[in-house]
Every structure is written in C-alpha cells, then in structure tokens.
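K.L.:
Just one file: structure-v6.cif, with mmCIF, C-alpha atoms.
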```
data_start
#
loop_
_atom_site.group_PDB
_atom_site.id
_atom_site.type_symbol
_atom_site.label_atom_id
_atom_site.label_comp_id
_atom_site.auth_asym_id
_atom_site.auth_seq_id
_atom_site.Cartn_x
_atom_site.Cartn_y
_atom_site.Cartn_z
ATOM 1 C CA MET A 1 24.032 20.653 -20.509
ATOM 2 C CA ALA A 2 26.973 22.260 -18.741
ATOM 3 C CA GLU A 3 29.237 19.284 -19.301
ATOM 4 C CA GLY A 4 32.879 20.287 -19.175
ATOM 5 C CA GLU A 5 32.210 23.505 -17.256
ATOM 6 C CA ALA A 6 33.408 24.177 -13.713
ATOM 7 C CA GLU A 7 31.118 22.991 -10.931
ATOM 8 C CA SER A 8 28.826 25.568 -9.409
ATOM 9 C CA PRO A 9 27.084 25.660 -6.034
ATOM 10 C CA PHE A 10 23.905 26.416 -8.029
ATOM 11 C CA GLN A 11 24.059 23.406 -10.371
ATOM 12 C CA HIS A 12 21.331 21.503 -8.535
ATOM 13 C CA PHE A 13 18.904 24.404 -8.166
ATOM 14 C CA TRP A 14 17.059 23.225 -11.284
ATOM 15 C CA SER A 15 15.422 20.479 -9.202
ATOM 16 C CA LEU A 16 14.200 23.084 -6.725
ATOM 17 C CA SER A 17 12.789 25.136 -9.588
ATOM 18 C CA VAL A 18 10.798 22.139 -10.858
ATOM 19 C CA GLU A 19 9.561 21.479 -7.331
ATOM 20 C CA GLU A 20 8.580 25.113 -6.751
ATOM 21 C CA GLN A 21 6.754 25.267 -10.089
ATOM 22 C CA PHE A 22 4.840 22.200 -8.968
ATOM 23 C CA TYR A 23 3.900 23.836 -5.660
ATOM 24 C CA PHE A 24 2.740 26.957 -7.493
ATOM 25 C CA ILE A 25 0.841 25.309 -10.347
ATOM 26 C CA TRP A 26 -0.591 22.288 -8.539
ATOM 27 C CA PRO A 27 -2.956 24.083 -6.107
ATOM 28 C CA ILE A 28 -4.280 26.215 -8.963
ATOM 29 C CA MET A 29 -4.893 23.137 -11.110
ATOM 30 C CA ILE A 30 -6.566 21.230 -8.264
ATOM 31 C CA GLY A 31 -8.681 24.276 -7.422
ATOM 32 C CA LEU A 32 -9.823 24.613 -11.038
ATOM 33 C CA LEU A 33 -10.670 20.919 -11.209
ATOM 34 C CA VAL A 34 -12.722 21.117 -8.001
ATOM 35 C CA PHE A 35 -14.421 24.347 -9.111
ATOM 36 C CA GLY A 36 -15.262 22.849 -12.506
ATOM 37 C CA ALA A 37 -16.536 19.646 -10.921
ATOM 38 C CA LEU A 38 -18.803 21.492 -8.503
ATOM 39 C CA HIS A 39 -20.284 23.545 -11.346
ATOM 40 C CA ALA A 40 -20.701 20.476 -13.571
ATOM 41 C CA GLY A 41 -22.258 18.316 -10.865
ATOM 42 C CA ILE A 42 -19.313 15.904 -10.843
ATOM 43 C CA LYS A 43 -17.751 14.575 -7.667
ATOM 44 C CA PRO A 44 -14.655 16.693 -6.979
ATOM 45 C CA ARG A 45 -12.554 13.647 -6.102
ATOM 46 C CA ALA A 46 -13.378 12.031 -9.453
ATOM 47 C CA ALA A 47 -12.475 15.239 -11.275
ATOM 48 C CA VAL A 48 -9.169 15.526 -9.413
ATOM 49 C CA LEU A 49 -8.285 11.876 -10.041
ATOM 50 C CA GLY A 50 -9.211 12.234 -13.717
ATOM 51 C CA GLY A 51 -7.313 15.490 -14.151
ATOM 52 C CA VAL A 52 -4.208 14.261 -12.349
ATOM 53 C CA GLY A 53 -4.371 10.972 -14.249
ATOM 54 C CA THR A 54 -4.616 12.799 -17.571
ATOM 55 C CA LEU A 55 -1.675 15.020 -16.670
ATOM 56 C CA LEU A 56 0.296 11.957 -15.609
ATOM 57 C CA VAL A 57 -0.301 10.160 -18.917
ATOM 58 C CA CYS A 58 0.442 13.230 -21.053
ATOM 59 C CA SER A 59 3.588 14.167 -19.137
ATOM 60 C CA LEU A 60 4.888 10.590 -19.087
ATOM 61 C CA GLY A 61 4.268 10.258 -22.822
ATOM 62 C CA TYR A 62 6.108 13.499 -23.474
ATOM 63 C CA SER A 63 8.911 12.376 -21.161
ATOM 64 C CA VAL A 64 9.377 9.130 -23.085
ATOM 65 C CA TYR A 65 9.284 10.964 -26.422
ATOM 66 C CA LEU A 66 11.624 13.803 -25.455
ATOM 67 C CA THR A 67 14.057 11.504 -23.651
ATOM 68 C CA GLU A 68 14.496 9.593 -26.921
ATOM 69 C CA GLN A 69 14.939 12.853 -28.865
ATOM 70 C CA ASN A 70 17.052 14.882 -26.428
ATOM 71 C CA ALA A 71 17.635 13.364 -22.990
ATOM 72 C CA GLY A 72 19.437 16.472 -21.705
ATOM 73 C CA VAL A 73 16.469 18.733 -22.374
ATOM 74 C CA ALA A 74 14.024 16.102 -21.103
ATOM 75 C CA TYR A 75 15.952 15.784 -17.850
ATOM 76 C CA PHE A 76 15.506 19.470 -17.004
ATOM 77 C CA SER A 77 12.003 20.045 -18.404
ATOM 78 C CA THR A 78 9.145 20.651 -16.015
ATOM 79 C CA PHE A 79 6.737 19.115 -18.531
ATOM 80 C CA THR A 80 8.640 15.823 -18.697
ATOM 81 C CA ARG A 81 8.880 15.585 -14.917
ATOM 82 C CA MET A 82 5.333 16.590 -13.856
ATOM 83 C CA TRP A 83 4.124 13.003 -14.109
ATOM 84 C CA GLU A 84 6.488 12.081 -11.278
ATOM 85 C CA PHE A 85 4.713 14.531 -8.976
ATOM 86 C CA ALA A 86 1.367 13.332 -10.360
ATOM 87 C CA VAL A 87 2.086 9.788 -9.171
ATOM 88 C CA GLY A 88 2.509 11.105 -5.627
ATOM 89 C CA ALA A 89 -0.579 13.248 -6.014
ATOM 90 C CA LEU A 90 -2.602 10.222 -7.083
ATOM 91 C CA VAL A 91 -1.466 8.280 -4.031
ATOM 92 C CA ALA A 92 -2.511 11.237 -1.860
ATOM 93 C CA ALA A 93 -5.785 11.790 -3.745
ATOM 94 C CA LEU A 94 -6.806 8.162 -3.339
ATOM 95 C CA GLY A 95 -7.167 8.980 0.323
ATOM 96 C CA PRO A 96 -6.325 7.432 3.659
ATOM 97 C CA ARG A 97 -8.627 4.442 3.157
ATOM 98 C CA PHE A 98 -6.477 3.431 0.201
ATOM 99 C CA TYR A 99 -3.136 3.731 1.945
ATOM 100 C CA ALA A 100 -4.146 3.262 5.564
ATOM 101 C CA GLU A 101 -1.684 1.484 7.814
ATOM 102 C CA SER A 102 -1.769 -2.201 6.949
ATOM 103 C CA ARG A 103 -0.543 -5.339 8.627
ATOM 104 C CA THR A 104 -1.337 -7.677 5.735
ATOM 105 C CA GLY A 105 1.227 -9.830 3.995
ATOM 106 C CA PHE A 106 0.217 -8.175 0.719
ATOM 107 C CA SER A 107 1.195 -4.765 2.051
ATOM 108 C CA ALA A 108 4.588 -6.127 3.105
ATOM 109 C CA VAL A 109 5.189 -7.610 -0.349
ATOM 110 C CA MET A 110 4.069 -4.372 -1.991
ATOM 111 C CA ALA A 111 6.452 -2.351 0.173
ATOM 112 C CA TRP A 112 9.383 -4.699 -0.507
ATOM 113 C CA VAL A 113 8.729 -4.660 -4.262
ATOM 114 C CA GLY A 114 8.717 -0.866 -4.150
ATOM 115 C CA LEU A 115 11.882 -0.687 -2.094
ATOM 116 C CA LEU A 116 13.650 -3.183 -4.362
ATOM 117 C CA ALA A 117 12.635 -1.130 -7.411
ATOM 118 C CA VAL A 118 14.209 1.984 -5.899
ATOM 119 C CA ALA A 119 17.337 0.074 -4.832
ATOM 120 C CA GLY A 120 17.567 -1.540 -8.264
ATOM 121 C CA ALA A 121 17.495 1.870 -9.918
ATOM 122 C CA VAL A 122 20.179 3.177 -7.566
ATOM 123 C CA LEU A 123 22.429 0.197 -8.241
ATOM 124 C CA THR A 124 21.930 -0.147 -11.991
ATOM 125 C CA PHE A 125 21.306 3.320 -13.419
ATOM 126 C CA ASP A 126 24.356 5.172 -14.641
ATOM 127 C CA GLY A 127 25.184 8.090 -16.911
ATOM 128 C CA LYS A 128 24.186 6.027 -19.946
ATOM 129 C CA THR A 129 20.666 5.288 -18.686
ATOM 130 C CA PRO A 130 18.216 7.364 -20.768
ATOM 131 C CA PHE A 131 16.533 9.434 -18.089
ATOM 132 C CA PRO A 132 13.842 10.453 -17.283
ATOM 133 C CA GLY A 133 11.678 8.577 -19.834
ATOM 134 C CA VAL A 134 10.669 5.019 -19.044
ATOM 135 C CA ALA A 135 13.600 4.548 -16.661
ATOM 136 C CA ALA A 136 12.188 7.122 -14.239
ATOM 137 C CA ALA A 137 9.098 4.960 -13.769
ATOM 138 C CA ILE A 138 11.119 2.404 -11.817
ATOM 139 C CA PRO A 139 12.069 4.562 -8.811
ATOM 140 C CA VAL A 140 8.896 6.673 -9.004
ATOM 141 C CA VAL A 141 6.504 3.721 -9.005
ATOM 142 C CA GLY A 142 8.694 1.966 -6.420
ATOM 143 C CA THR A 143 8.428 4.942 -4.096
ATOM 144 C CA ALA A 144 4.673 5.141 -4.637
ATOM 145 C CA LEU A 145 4.355 1.453 -3.761
ATOM 146 C CA VAL A 146 6.252 1.901 -0.488
ATOM 147 C CA ILE A 147 4.104 4.900 0.474
ATOM 148 C CA ALA A 148 0.820 3.347 -0.618
ATOM 149 C CA ALA A 149 1.610 0.049 1.128
ATOM 150 C CA HIS A 150 2.061 1.829 4.470
ATOM 151 C CA SER A 151 2.938 -1.611 5.724
ATOM 152 C CA LYS A 152 3.288 -2.333 9.401
ATOM 153 C CA HIS A 153 3.459 -6.082 8.837
ATOM 154 C CA ARG A 154 6.211 -7.740 10.867
ATOM 155 C CA PHE A 155 8.079 -8.638 7.656
ATOM 156 C CA SER A 156 7.680 -5.248 5.987
ATOM 157 C CA PRO A 157 10.658 -2.949 5.364
ATOM 158 C CA ASP A 158 9.196 -0.532 7.918
ATOM 159 C CA ARG A 159 11.799 -1.403 10.574
ATOM 160 C CA LEU A 160 14.640 -1.046 8.071
ATOM 161 C CA LEU A 161 13.332 2.314 6.851
ATOM 162 C CA GLY A 162 12.892 3.463 10.463
ATOM 163 C CA LEU A 163 16.547 2.951 11.392
ATOM 164 C CA PRO A 164 18.281 6.170 12.490
ATOM 165 C CA ILE A 165 20.666 6.139 9.507
ATOM 166 C CA MET A 166 17.750 5.765 7.087
ATOM 167 C CA ARG A 167 15.793 8.561 8.768
ATOM 168 C CA PHE A 168 18.889 10.793 8.729
ATOM 169 C CA THR A 169 19.410 10.068 5.042
ATOM 170 C CA GLY A 170 15.781 10.842 4.257
ATOM 171 C CA ASP A 171 15.776 14.028 6.318
ATOM 172 C CA ASN A 172 18.974 15.228 4.635
ATOM 173 C CA SER A 173 18.557 13.724 1.171
ATOM 174 C CA TYR A 174 18.569 16.998 -0.761
ATOM 175 C CA ALA A 175 21.712 18.241 0.959
ATOM 176 C CA ILE A 176 23.356 14.877 0.380
ATOM 177 C CA TYR A 177 22.256 14.908 -3.277
ATOM 178 C CA CYS A 178 23.676 18.389 -3.813
ATOM 179 C CA GLY A 179 26.904 17.428 -2.080
ATOM 180 C CA ILE A 180 27.518 14.448 -4.350
ATOM 181 C CA GLY A 181 28.522 16.634 -7.295
ATOM 182 C CA GLN A 182 30.720 18.955 -5.233
ATOM 183 C CA SER A 183 34.443 18.459 -4.806
#
```
Could you spell out this file's structure in structure tokens?
P.N.:
Amino acid sequence: MAEGEAESPFQHFWSLSVEEQFYFIWPIMIGLLVFGALHAGIKPRAAVLGGVGTLLVCSLGYSVYLTEQNAGVAYFSTFTRMWEFAVGALVAALGPRFYAESRTGFSAVMAWVGLLAVAGAVLTFDGKTPFPGVAAAIPVVGTALVIAAHSKHRFSPDRLLGLPIMRFTGDNSYAIYCGIGQS
C-alpha cells in the first residue's frame, strides 16, 4: 500500500498489530465460549473447538474473497488473517494427547510433509502470489503439521530443526523478517 514510498523502520509493525489484536481478543473470545458452554451444559472444550473452527472457516472464506478483490487490503486485514491464528489455536485446543511426542513413522511423514509445505512456499511464492487467500494455507497448514506431529522418530526433521542455525533463525525470525526490507 506504500509502494514507491521511502522505507520506514515502522513498515513491519502491522504484523505486530495483528498479533497484539489476537492476544487481546482471543482470551476474551475463549472466555465467552467457556462461560457460554458452562451455562448451556456443553463441554467447554467442544464449545472452544466449535467456536475456533467457525472463526477459522469464516476468516479463511473472507481471506479468499478479499484476496481476489483487493490483495493489498486483505494482506493487512486482521479479519483475513485471524484464521491463521485459529489453526494454531486448534492444534493447542486439541490437547497434548493429540500432539504428544511421537516416535511413529506416520509422525515423521507428517512432519516432513509440513516442513516441505513451508519450504515450498518460501521457494515458490513471490510478489505475484495472491496472498493471503488460499496461498497462505500452504505455510500455515505446513507449520501446524510440524507442530502437531511432534515427531521424535529417527527419520523425522526434528534433528534438522534442532540445529543451532535453525534455532537461531527461529529465535530471531521477527528481527530477521524486519531486516529483510531494510537497506
């Protein structure tokens, strides 16, 4: 939206604003879902999963629609990006039994598929890729697969992701991301 304008040290703060809105709104939403469930005699976990799932579907649908209409606005909109946080929330809400440490071959495959999805997005997406929309599902779902797999299988990407350079990159990813656009 600021194409052609001089770079600013604040140009990446929009992503922090989306994140902070999430941290502000999410606990309120979860609290209301749990409160409503307790008063309606519904299991709180079911209410949270249903509410988060509904938000995910609505936000993703809006993201796909708005990305086709105006990708620039869609990219910066909280409402088109909430589904991305909802995917992570669903992984967390499914609980530790769902994503407990696993040594199965399936978990290793799941983790590799997720990692390859993220790598594929990194290597193939460019400025012409309509984003967020459907394209955002590739790295988001890939990341969710890696987390949910929690694979400790000997052929999982766990050792690769545990290398010092990978840990450094993960620990400093936001600073690295912000530095990419700076001269």
K.L.:
Considering all atoms listed in the file, return as a VMD selection string whatever protein or nucleic-acid residues lie within 9 Å of region 135-137 of chain A, sequence-local ones (same chain, fewer than 5 positions apart) excluded.
P.N.:
chain A and resid 60 64 84 121 125 129 to 130 142
K.L.:
Any idea what the distance is between CA of Trp112 (chain A) and CA of Val146 (chain A)?
P.N.:
7.3 Å
K.L.:
Once the PyMOL selection byres ((chain A and resi 149) around 10) has been evaluated on this model, what residues remain selected, and can you format them as a list in words?
P.N.:
Phe98, Tyr99, Ala100, Glu101, Ser102, Arg103, Thr104, Phe106, Ser107, Ala108, Val109, Met110, Ala111, Trp112, Gly114, Thr143, Ala144, Leu145, Val146, Ile147, Ala148, His150, Ser151, Lys152 and Ser156 of chain A
K.L.:
Selection in question (the file shown): the PyMOL selection byres ((chain A and resi 82) around 12). Which residues does it include, as a PyMOL selection string?
P.N.:
chain A and resi 15+18-23+25-26+52-63+74-81+83-89+132-133+136+140
K.L.:
To one decimal in Å, tell me the separation between CA of Ile30 (chain A) and CA of Ala92 (chain A).
P.N.:
12.5 Å
K.L.:
Please, what distance in Å, to one decimal, runs between CA of Gly170 (chain A) and CA of Phe24 (chain A)?
P.N.:
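Pair CA of Gly170 (chain A) / CA of Phe24 (chain A) returns 23.8 Å.
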K.L.:
Using only C-alpha atoms, find the one residue out of A:Val141, A:Val134, A:Pro164, A:Thr169 that sits nearest to Thr67 (chain A).
P.N.:
A:Val134
K.L.:
Of the candidates A:Phe131, A:Asp158, A:Ala175, A:Ala47, which shows the shortest atom-to-atom distance to Val73 (chain A), using all atoms listed in the file?
P.N.:
A:Phe131
K.L.:
Could you state which residues are captured by the PyMOL selection byres ((chain A and resi 48) around 8) in this file, as a PyMOL selection string?
P.N.:
chain A and resi 30+33-34+44-47+49-52+93
K.L.:
Filtering to C-alpha atoms, could you give me those residues as a CSV table (one decimal), keeping the file's coordinate frame?
P.N.:
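Below is the file result.csv, written as the result:
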```
chain,number,residue,atom,x,y,z
A,30,ILE,CA,-6.6,21.2,-8.3
A,33,LEU,CA,-10.7,20.9,-11.2
A,34,VAL,CA,-12.7,21.1,-8.0
A,44,PRO,CA,-14.7,16.7,-7.0
A,45,ARG,CA,-12.6,13.6,-6.1
A,46,ALA,CA,-13.4,12.0,-9.5
A,47,ALA,CA,-12.5,15.2,-11.3
A,49,LEU,CA,-8.3,11.9,-10.0
A,50,GLY,CA,-9.2,12.2,-13.7
A,51,GLY,CA,-7.3,15.5,-14.2
A,52,VAL,CA,-4.2,14.3,-12.3
A,93,ALA,CA,-5.8,11.8,-3.7
```
